[in-house]
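Visitor: Just passing along the structure, written as structure tokens.
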There are 2 protein chains.
Amino acid sequence: MNAAYAELETRFKRINLLRQSAGMLQWDLETLMPPGGAGARSEQLATLSVLAHELLTEPRVGELLETAAQPNGLDPWQRANVKGMQREWRHAACLPAELVEARSKAATECELAWRAARPANDFKGLLPRLQTVLDLAREAGRIKGEAFGAPPYDALMDEYEPGATQAEITPLFDRLAGVLPELIQSVLDKQARGPAIEKPPGPFPAATQMALARRLMENIGFDFKHGRLDTSAHPFCGGVPDDIRLTTRWNEADFLPGLMGVLHETGHAMYERGLPSDWRLQPVGQALGMSVHESQSLIVEMQASRSREFITWLAPVAAQAFGGSGPAWGADNLVRIYTRVERGLIRVDADEVTYPAHVILRYRLERALIAGDMKLADLPGAWAEGMKNLVGIVPPDDKDGCLQDIHWPGGSWGYFPSYTLGAMTAAQLFDAARLARPEIPAFLGRGDFSPLMAWLRENVHGKGSLLTARELLIAATGRPLDPEIFLRHLRTRYLESA
Amino acid sequence: MNAAYAELETRFKRINLLRQSAGMLQWDLETLMPPGGAGARSEQLATLSVLAHELLTEPRVGELLETAAQPNGLDPWQRANVKGMQREWRHAACLPAELVEARSKAATECELAWRAARPANDFKGLLPRLQTVLDLAREAGRIKGEAFGAPPYDALMDEYEPGATQAEITPLFDRLAGVLPELIQSVLDKQARGPAIEKPPGPFPAATQMALARRLMENIGFDFKHGRLDTSAHPFCGGVPDDIRLTTRWNEADFLPGLMGVLHETGHAMYERGLPSDWRLQPVGQALGMSVHESQSLIVEMQASRSREFITWLAPVAAQAFGGSGPAWGADNLVRIYTRVERGLIRVDADEVTYPAHVILRYRLERALIAGDMKLADLPGAWAEGMKNLVGIVPPDDKDGCLQDIHWPGGSWGYFPSYTLGAMTAAQLFDAARLARPEIPAFLGRGDFSPLMAWLRENVHGKGSLLTARELLIAATGRPLDPEIFLRHLRTRYLESA
């Protein structure tokens with residue numbers, strides 16, 4: 001270890017403690033804060049963010065990083081830590097301060113305008129502001145791309161997904177896109193031949209849902225000495241690894257989506273909690289990127305919790321909790337509900353089979369927009385065309401079409417691929433976990449996640465950012481991301497099961 | 001306005017936003033945080049505190065303050081703001097960093113040891129650690145005293161009570177000490193001749209207490225759009241002026257102390273909320289000091305809420321809330337409960353009449369300890385002697401004697417006087433308020449605090465730290481702190497009322 005490295009560790013510890021503080025204040029803002037606190041809170045958050053940014057971008061950091069990166073006595077964790085520091089520094093330091101500020105301001109204004117434009121179905125009204133956000137993202141992508149020696153879109157993706165490239169992702173998505181339309185049709189055909197689903201009758205009191213959710217969280221391994229479950233308008237997993245703040249919302253007419261929402265967020269929480277505690281406040285101790293994060297939520301929600309084994313255990317537990325009985329509460333019916341496939345307009349409501357088609361559409365469109373190959377004014381038409389080809393349904397308006405997501409108005413370009421990379425990663429990791437620990441399905445059949453979680457702790461959570469996502473996957477599963485595993489999972493669950 | 005002043009405002013804004021962030025995280029720690037979050041939280045708080053300290057003590061601040069303090073175009077608020085900045089800077093910058101750290105470390109260790117020593121009645125075991133804390137406080141007092149041109153104890157008091165001096169306080173406290181022993185005896189004699197008190201029978205469900213407390217808070221003027229009420233082990237008023245986080249605890253066997261606790265904290269809250277919003281993040285926009293803060297809680301709790309007028313309104317409201325009836329719920333009985341006087345051992349349980357005697361004892365002892373006129377080993381004996389003379393009761397042990405308070409083990413020397421200065425200030429302000437707005441008692445008799453609060457907003461809250469405490473009192477009441485007003489209040493309420 002050298003002095004430059006030691007100084008960098010001290011500095012990043014401070015940066016991450018500022019971010020942790022901001023994270024807790026953000027959680028409070030979304031769960032408890034009275035409305036009148038908004039102004040003061042946004043000033044607090046801005047100050048913490050500016051201070052962290054200043055600590056990260058001081059010229060001294062660049063010098064220290066050059067020295068620390070020389071061949072020297074660093075161990076693999078420390079070397080990976082320097083890489084993570086370099087990545088953060090490059091992202092923060094390469095942009096002129098005016099561009100960072102303009103990007104943030106434009107995104108805030110456009111997101112606000114979007115909140116009104118979406119219900120009003122007013123794409124044209126949003127267009128000027130969205131154009132500004134896009135132009136600034138293109139400018140940031142250009143500068144970052146030059147600094148990183150990468151195409152602009154890759155440089156933007158790197159903000160969420162370190163090291164991700166179109167060269168790697170495009171063939172994977174093309175393979176899925178080539179199979180999905182037919183697969184969706186086959187699943188719908190099979191579904192049409194099967195029994196109709198029967199909704200368990202409500203109401204489902206919020207307190208009962210909360211109690212059941214807490215029980216399932218504990219089954220998964222969530223430790224309430226190191227976390228809480230609260231309610232918020234939009235469910236999320238916040239807080240810090242030693243104090244996870246998970247949130248959800250309850251619909252008293254239907255407990256099914258809320259329950260799966262909690263399981264999804266608990267997957268995120270288990271990842272955060274399992275990150276290597278020796279490296280808590282260093283870049284190498286952070287989550288690897290959005291696709292691995294999403295894979296951890298989807299392993300719990302999609303792979304494990306929608307398995308027939310788990311639902312067979314869950315059905316009587318849920319029936320007892322809500323005092324329900326009869327065929328609506330049977331495992332067969334619940335499996336049918338939880339694996340229902342539909343051609344829908346809305347990504348966030350999409351099932352496991354159609355979801356990737358929604359994402360691939362957005363990936364293709366945002367690449368074209370960033371590259372300048374498509375005009376923003378042409379987006380609604382391109383959206384309709386893409387939906388028809390990929391999902392097999394055409395939106396009647398922009399409200400439920402290209403205006404539905406917050407990402408672009410909010411300035412997040414290059415984020416969408418993570419959802420489907422995460423779904424593929426989840427399938428591949430779950431596959432490898434079952435091979436290594438064949439008892440996993442039987443344990444899920446008793447509501448017990450412990451062998452699955454033990455394998456994930458060892459092979460994913462505990463690695464932090466020591467490896468790249470690609471290296472991690474090869475180490476854990478023997479190969480890089482392979483779309484055939486995900487497709488096999490879809491076929492097995494949706495076409496071959498009884 | 002000059003450039004130096006403008007730069008200082010920017011810097012203090014940042015410092016105060018860091019403190020606000022820390023304040024919110026401290027509130028979370030005491031109300032919601034799961035136990036496993038303690039380690040991460042203490043690191044977050046330490047970082048915010050160190051960053052604020054660094055921003056405050058950079059050498060450049062001293063230079064800017066010299067320039068800004070020159071005669072120039074500053075208005076009175078700006079001039080008072082510079083004074084507040086100077087005071088903060090002097091406190092922070094005059095001590096060597098090692099002493100600041102040693103003080104903080106010794107206090108943390110001694111406070112921890114005290115938590116075990118108090119129940120074990122082990123003064124001797126605590127002595128070495130307490131001696132270290134005292135020695136470091138004396139050293140800090142010496143250095144600050146030299147820097148400020150003030151006696152060491154005055155310099156320590158100044159941390160809590162800007163501008164406070166023994167020369168001013170000692171005669172006031174001596175006057176009270178000369179009257180209180182006889183006054184206490186007279187009150188006890190009168191009490192013995194009156195009817196016995198009758199406790200309203202419980203239990204009192206926490207949810208009902210909470211609903212009643214919220215109603216009373218709204219009567220006082222607390223705005224739930226700008227604040228919350230939650231529970232914590234030790235009630236306090238936290239948060240920031242635009243987002244006040246008030247806490248309390250509920251005893252289901254007795255609603256009376258909990259209710260008065262909420263009223264007390266609401267008094268603090270109304271002060272914070274009423275501070276001048278144009279100066280939110282500047283020293284001149286902060287509360288004036290601990291005695292004025294305490295006066296605001298005591299005006300609500302002691303002056304207004306224990307008045308016969310208010311209790312006459314409260315009695316049927318409380319009876320209805322808890323479904324109670326009969327003489328225990330009568331106004332006369334509740335007045336007797338809320339104005340009960342007893343010679344007790346414990347300061348925090350003391351009534352309005354004996355409380356100042358507890359405080360004066362501590363004031364005299366800590367002055368002697370800081371001056372070096374008394375040895376710490378002699379504290380238990382001096383405590384017993386002082387209790388006998390001032391309160392008229394001798395503690396059977398140290399647990400309920402000199403070990404009862406957290407202040408000295410926790411390193412707070414010079415804090416105690418604020419409690420009684422606050423009680424005197426409250427009496428004097430309430431007196432002036434009733435003179436200016438004679439309708440105040442009648443409004444309290446309808447549970448309505450609005451004329452009282454309007455007067456306090458104008459004469460106290462909205463002034464922030466524009467004036468010194470002495471100047472504020474003269475402006476609002478026509479004279480400096482006068483113990484006769486407080487004594488008249490005690491005689492009127494405890495000897496002359498029916």
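Starting from 1 in every chain, residues are counted up; chains themselves are A, B, ... following the order of the structure tokens, and ligands are numbered from 1 as listed.
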Kindly provide, as a PyMOL selection string, the residues of chain B having any atom no farther than 9 Å from an atom of chain A, counting only C-alpha atoms.
Guide: chain B and resi 14+17-18+20-22+24-25+28+32-41+43-45+47-48+224-228+240-244
Visitor: For the selection just defined, write its residues with N, CA and C atoms to a file, as an mmCIF file, in the first residue's frame.
Guide:
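So the final result, stored in again_23.cif, reads:
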```
data_model
loop_
_atom_site.group_PDB
_atom_site.id
_atom_site.type_symbol
_atom_site.label_atom_id
_atom_site.label_comp_id
_atom_site.auth_asym_id
_atom_site.auth_seq_id
_atom_site.Cartn_x
_atom_site.Cartn_y
_atom_site.Cartn_z
ATOM 1 N N ARG B 14 -23.709 26.914 4.022
ATOM 2 C CA ARG B 14 -23.264 25.538 3.832
ATOM 3 C C ARG B 14 -23.060 24.840 5.178
ATOM 4 N N LEU B 17 -26.432 24.011 6.600
ATOM 5 C CA LEU B 17 -27.103 22.908 5.904
ATOM 6 C C LEU B 17 -26.500 21.569 6.330
ATOM 7 N N LEU B 18 -25.196 21.542 6.580
ATOM 8 C CA LEU B 18 -24.598 20.311 7.115
ATOM 9 C C LEU B 18 -25.162 20.009 8.504
ATOM 10 N N GLN B 20 -28.073 21.005 9.676
ATOM 11 C CA GLN B 20 -29.473 20.578 9.511
ATOM 12 C C GLN B 20 -29.546 19.101 9.112
ATOM 13 N N SER B 21 -28.694 18.710 8.173
ATOM 14 C CA SER B 21 -28.675 17.300 7.745
ATOM 15 C C SER B 21 -28.380 16.407 8.938
ATOM 16 N N ALA B 22 -27.379 16.798 9.723
ATOM 17 C CA ALA B 22 -27.033 16.003 10.908
ATOM 18 C C ALA B 22 -28.203 15.967 11.884
ATOM 19 N N MET B 24 -31.414 16.060 11.239
ATOM 20 C CA MET B 24 -32.431 15.106 10.779
ATOM 21 C C MET B 24 -31.966 13.673 11.034
ATOM 22 N N LEU B 25 -30.691 13.388 10.777
ATOM 23 C CA LEU B 25 -30.186 12.031 10.995
ATOM 24 C C LEU B 25 -30.196 11.685 12.489
ATOM 25 N N ASP B 28 -33.728 10.720 13.346
ATOM 26 C CA ASP B 28 -33.996 9.359 12.865
ATOM 27 C C ASP B 28 -33.385 8.341 13.820
ATOM 28 N N LEU B 32 -36.446 5.971 14.880
ATOM 29 C CA LEU B 32 -36.781 4.893 13.952
ATOM 30 C C LEU B 32 -35.651 3.924 13.687
ATOM 31 N N MET B 33 -34.424 4.374 13.824
ATOM 32 C CA MET B 33 -33.288 3.591 13.347
ATOM 33 C C MET B 33 -33.224 2.219 14.009
ATOM 34 N N PRO B 34 -33.088 1.148 13.212
ATOM 35 C CA PRO B 34 -32.883 -0.171 13.822
ATOM 36 C C PRO B 34 -31.515 -0.192 14.516
ATOM 37 N N PRO B 35 -31.380 -1.016 15.578
ATOM 38 C CA PRO B 35 -30.143 -0.955 16.376
ATOM 39 C C PRO B 35 -28.883 -1.209 15.545
ATOM 40 N N GLY B 36 -28.991 -2.072 14.536
ATOM 41 C CA GLY B 36 -27.815 -2.392 13.728
ATOM 42 C C GLY B 36 -27.301 -1.233 12.887
ATOM 43 N N GLY B 37 -28.081 -0.137 12.832
ATOM 44 C CA GLY B 37 -27.638 1.002 12.047
ATOM 45 C C GLY B 37 -26.720 1.950 12.808
ATOM 46 N N ALA B 38 -26.481 1.665 14.098
ATOM 47 C CA ALA B 38 -25.783 2.628 14.960
ATOM 48 C C ALA B 38 -24.368 2.953 14.467
ATOM 49 N N GLY B 39 -23.623 1.926 14.072
ATOM 50 C CA GLY B 39 -22.242 2.159 13.661
ATOM 51 C C GLY B 39 -22.157 3.061 12.438
ATOM 52 N N ALA B 40 -22.926 2.726 11.416
ATOM 53 C CA ALA B 40 -22.917 3.532 10.188
ATOM 54 C C ALA B 40 -23.382 4.955 10.497
ATOM 55 N N ARG B 41 -24.413 5.093 11.324
ATOM 56 C CA ARG B 41 -24.935 6.415 11.618
ATOM 57 C C ARG B 41 -23.905 7.275 12.348
ATOM 58 N N GLU B 43 -20.762 7.165 12.115
ATOM 59 C CA GLU B 43 -19.764 7.615 11.133
ATOM 60 C C GLU B 43 -20.319 8.737 10.255
ATOM 61 N N GLN B 44 -21.585 8.612 9.859
ATOM 62 C CA GLN B 44 -22.204 9.682 9.049
ATOM 63 C C GLN B 44 -22.213 10.997 9.836
ATOM 64 N N LEU B 45 -22.663 10.914 11.096
ATOM 65 C CA LEU B 45 -22.759 12.132 11.907
ATOM 66 C C LEU B 45 -21.384 12.748 12.147
ATOM 67 N N THR B 47 -18.765 12.578 10.228
ATOM 68 C CA THR B 47 -18.284 13.221 9.001
ATOM 69 C C THR B 47 -18.956 14.574 8.774
ATOM 70 N N LEU B 48 -20.267 14.632 8.981
ATOM 71 C CA LEU B 48 -20.965 15.910 8.803
ATOM 72 C C LEU B 48 -20.427 16.946 9.790
ATOM 73 N N PHE B 224 -48.825 20.888 11.174
ATOM 74 C CA PHE B 224 -48.370 19.542 10.796
ATOM 75 C C PHE B 224 -47.939 19.450 9.331
ATOM 76 N N LYS B 225 -48.148 20.502 8.569
ATOM 77 C CA LYS B 225 -47.537 20.535 7.235
ATOM 78 C C LYS B 225 -46.036 20.817 7.349
ATOM 79 N N HIS B 226 -45.626 21.294 8.503
ATOM 80 C CA HIS B 226 -44.210 21.617 8.718
ATOM 81 C C HIS B 226 -43.638 20.869 9.910
ATOM 82 N N GLY B 227 -44.179 19.687 10.195
ATOM 83 C CA GLY B 227 -43.629 18.971 11.327
ATOM 84 C C GLY B 227 -44.363 17.678 11.610
ATOM 85 N N ARG B 228 -43.827 16.886 12.520
ATOM 86 C CA ARG B 228 -44.390 15.600 12.893
ATOM 87 C C ARG B 228 -44.326 15.431 14.413
ATOM 88 N N VAL B 240 -35.762 20.772 11.724
ATOM 89 C CA VAL B 240 -35.357 22.109 11.292
ATOM 90 C C VAL B 240 -36.618 22.976 11.265
ATOM 91 N N PRO B 241 -36.462 24.310 11.240
ATOM 92 C CA PRO B 241 -37.655 25.174 11.386
ATOM 93 C C PRO B 241 -38.791 24.866 10.404
ATOM 94 N N ASP B 242 -38.455 24.441 9.182
ATOM 95 C CA ASP B 242 -39.525 24.144 8.224
ATOM 96 C C ASP B 242 -40.020 22.706 8.313
ATOM 97 N N ASP B 243 -39.435 21.924 9.193
ATOM 98 C CA ASP B 243 -39.774 20.500 9.294
ATOM 99 C C ASP B 243 -39.401 20.043 10.702
ATOM 100 N N ILE B 244 -40.250 20.439 11.654
ATOM 101 C CA ILE B 244 -39.961 20.208 13.068
ATOM 102 C C ILE B 244 -40.297 18.773 13.444
#
```
Visitor: List the neighbours of Gly141 (chain A) out to 9 Å using only C-alpha atoms; skip same-chain residues closer than 4 positions along the sequence, and give me the result as a ChimeraX atom specification.
Guide: /A:136-137,145-146,151-156,370
Visitor: Just list as an MDAnalysis selection string whatever in region 52-295 of chain A DSSP marks as strand (DSSP E).
Guide: chainID A and resid 227:231 237:240 243:248
Visitor: Go ahead and save the picked residues with N, CA and C atoms, as an mmCIF file, in the first residue's frame.
Guide:
```
data_model
loop_
_atom_site.group_PDB
_atom_site.id
_atom_site.type_symbol
_atom_site.label_atom_id
_atom_site.label_comp_id
_atom_site.auth_asym_id
_atom_site.auth_seq_id
_atom_site.Cartn_x
_atom_site.Cartn_y
_atom_site.Cartn_z
ATOM 1 N N GLY A 227 -32.642 -3.061 9.414
ATOM 2 C CA GLY A 227 -33.475 -2.488 8.375
ATOM 3 C C GLY A 227 -34.915 -2.325 8.815
ATOM 4 N N ARG A 228 -35.706 -1.665 7.975
ATOM 5 C CA ARG A 228 -37.108 -1.404 8.245
ATOM 6 C C ARG A 228 -37.921 -1.623 6.974
ATOM 7 N N LEU A 229 -39.239 -1.774 7.170
ATOM 8 C CA LEU A 229 -40.181 -1.784 6.050
ATOM 9 C C LEU A 229 -41.204 -0.679 6.307
ATOM 10 N N ASP A 230 -41.305 0.272 5.390
ATOM 11 C CA ASP A 230 -42.268 1.368 5.527
ATOM 12 C C ASP A 230 -43.030 1.535 4.216
ATOM 13 N N THR A 231 -43.925 2.510 4.189
ATOM 14 C CA THR A 231 -44.705 2.720 2.980
ATOM 15 C C THR A 231 -44.299 4.022 2.293
ATOM 16 N N CYS A 237 -35.772 0.435 -2.493
ATOM 17 C CA CYS A 237 -34.873 -0.078 -1.468
ATOM 18 C C CYS A 237 -33.844 0.999 -1.212
ATOM 19 N N GLY A 238 -33.971 1.680 -0.071
ATOM 20 C CA GLY A 238 -33.066 2.781 0.252
ATOM 21 C C GLY A 238 -32.224 2.466 1.469
ATOM 22 N N GLY A 239 -31.664 3.519 2.062
ATOM 23 C CA GLY A 239 -30.830 3.341 3.238
ATOM 24 C C GLY A 239 -29.415 2.929 2.895
ATOM 25 N N VAL A 240 -28.754 2.272 3.837
ATOM 26 C CA VAL A 240 -27.351 1.868 3.682
ATOM 27 C C VAL A 240 -27.253 0.400 4.099
ATOM 28 N N ASP A 243 -28.335 -0.572 7.431
ATOM 29 C CA ASP A 243 -29.610 0.029 7.856
ATOM 30 C C ASP A 243 -30.468 0.232 6.613
ATOM 31 N N ILE A 244 -31.002 -0.904 6.125
ATOM 32 C CA ILE A 244 -31.724 -0.897 4.855
ATOM 33 C C ILE A 244 -33.139 -0.366 5.046
ATOM 34 N N ARG A 245 -33.535 0.578 4.227
ATOM 35 C CA ARG A 245 -34.872 1.135 4.339
ATOM 36 C C ARG A 245 -35.689 0.744 3.108
ATOM 37 N N LEU A 246 -36.457 -0.309 3.285
ATOM 38 C CA LEU A 246 -37.266 -0.838 2.202
ATOM 39 C C LEU A 246 -38.663 -0.230 2.271
ATOM 40 N N THR A 247 -39.216 0.121 1.134
ATOM 41 C CA THR A 247 -40.572 0.660 1.172
ATOM 42 C C THR A 247 -41.463 -0.066 0.171
ATOM 43 N N THR A 248 -42.763 0.005 0.430
ATOM 44 C CA THR A 248 -43.739 -0.575 -0.481
ATOM 45 C C THR A 248 -45.039 0.199 -0.344
#
```
Visitor: Could you pull the residues within 12 Å of region 388-396 of chain B, counting only C-alpha atoms, minus those fewer than 3 positions along the same chain, as JSON, numbers by chain?
Guide: {"B": [121, 173, 174, 176, 177, 178, 179, 180, 181, 182, 183, 184, 185, 188, 341, 342, 343, 344, 345, 346, 347, 350, 351, 353, 354, 355, 356, 357, 358, 359, 360, 361, 362, 364, 380, 381, 382, 383, 384, 385, 399, 400, 401, 402, 403, 404]}
Visitor: Hey, can you spit out that residue selection with C-alpha atoms as a PDB file, in the first residue's frame?
Guide:
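Heads up, here's the output in selection-v5.pdb:
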```pdb
ATOM      1  CA  ASN B 121     -24.386   4.099  42.916  1.00  0.00           C
ATOM      2  CA  PHE B 173     -29.734  33.236  41.828  1.00  0.00           C
ATOM      3  CA  ASP B 174     -28.741  34.456  45.304  1.00  0.00           C
ATOM      4  CA  LEU B 176     -33.987  33.237  44.610  1.00  0.00           C
ATOM      5  CA  ALA B 177     -31.935  31.085  46.979  1.00  0.00           C
ATOM      6  CA  GLY B 178     -32.645  33.528  49.791  1.00  0.00           C
ATOM      7  CA  VAL B 179     -36.420  33.235  49.311  1.00  0.00           C
ATOM      8  CA  LEU B 180     -37.034  29.684  48.061  1.00  0.00           C
ATOM      9  CA  PRO B 181     -36.548  27.572  51.244  1.00  0.00           C
ATOM     10  CA  GLU B 182     -39.180  29.578  53.116  1.00  0.00           C
ATOM     11  CA  LEU B 183     -41.439  29.802  50.084  1.00  0.00           C
ATOM     12  CA  ILE B 184     -41.322  26.032  49.576  1.00  0.00           C
ATOM     13  CA  GLN B 185     -42.282  25.512  53.223  1.00  0.00           C
ATOM     14  CA  LEU B 188     -46.233  22.807  51.435  1.00  0.00           C
ATOM     15  CA  VAL B 341     -45.169  20.849  45.004  1.00  0.00           C
ATOM     16  CA  GLU B 342     -42.851  18.328  46.655  1.00  0.00           C
ATOM     17  CA  ARG B 343     -39.349  18.235  48.084  1.00  0.00           C
ATOM     18  CA  GLY B 344     -37.911  15.672  45.690  1.00  0.00           C
ATOM     19  CA  LEU B 345     -34.469  14.321  45.006  1.00  0.00           C
ATOM     20  CA  ILE B 346     -34.603  14.409  41.220  1.00  0.00           C
ATOM     21  CA  ARG B 347     -34.325  17.620  39.186  1.00  0.00           C
ATOM     22  CA  ALA B 350     -39.192  18.650  40.128  1.00  0.00           C
ATOM     23  CA  ASP B 351     -42.111  21.072  40.134  1.00  0.00           C
ATOM     24  CA  VAL B 353     -41.247  25.903  42.781  1.00  0.00           C
ATOM     25  CA  THR B 354     -38.429  23.550  43.765  1.00  0.00           C
ATOM     26  CA  TYR B 355     -36.800  23.327  40.317  1.00  0.00           C
ATOM     27  CA  PRO B 356     -34.745  26.545  40.689  1.00  0.00           C
ATOM     28  CA  ALA B 357     -33.318  25.250  43.981  1.00  0.00           C
ATOM     29  CA  HIS B 358     -31.996  22.153  42.165  1.00  0.00           C
ATOM     30  CA  VAL B 359     -30.437  24.349  39.493  1.00  0.00           C
ATOM     31  CA  ILE B 360     -28.851  26.863  41.860  1.00  0.00           C
ATOM     32  CA  LEU B 361     -27.180  23.979  43.721  1.00  0.00           C
ATOM     33  CA  ARG B 362     -25.604  22.774  40.464  1.00  0.00           C
ATOM     34  CA  ARG B 364     -22.747  26.853  42.671  1.00  0.00           C
ATOM     35  CA  PRO B 380     -21.097  14.060  47.272  1.00  0.00           C
ATOM     36  CA  GLY B 381     -20.739  15.837  50.608  1.00  0.00           C
ATOM     37  CA  ALA B 382     -21.245  19.277  49.116  1.00  0.00           C
ATOM     38  CA  TRP B 383     -24.275  17.969  47.220  1.00  0.00           C
ATOM     39  CA  ALA B 384     -25.942  16.661  50.365  1.00  0.00           C
ATOM     40  CA  GLU B 385     -25.248  19.899  52.192  1.00  0.00           C
ATOM     41  CA  LYS B 399     -27.489   7.567  42.561  1.00  0.00           C
ATOM     42  CA  ASP B 400     -30.276  10.033  43.352  1.00  0.00           C
ATOM     43  CA  GLY B 401     -27.752  12.673  44.324  1.00  0.00           C
ATOM     44  CA  CYS B 402     -24.753  13.962  42.422  1.00  0.00           C
ATOM     45  CA  LEU B 403     -24.875  11.087  39.892  1.00  0.00           C
ATOM     46  CA  GLN B 404     -28.378  11.871  38.611  1.00  0.00           C
TER      47      GLN B 404
END
```
Visitor: Here is a test: counting only C-alpha atoms, which residue of A:Asp158, A:Asp122, A:Glu58, A:Glu139 is nearest to Arg103 (chain A)?
Guide: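 That would be A:Glu139, the residue with the smallest distance to Arg103 (chain A).
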Visitor: Near Arg434 (chain A), counting only C-alpha atoms, which residues have an atom at most 10 Å away, once you skip same-chain residues fewer than 5 positions from it, shown as JSON, numbers by chain?
Guide: {"A": [429, 439, 440, 441, 451, 452, 455]}
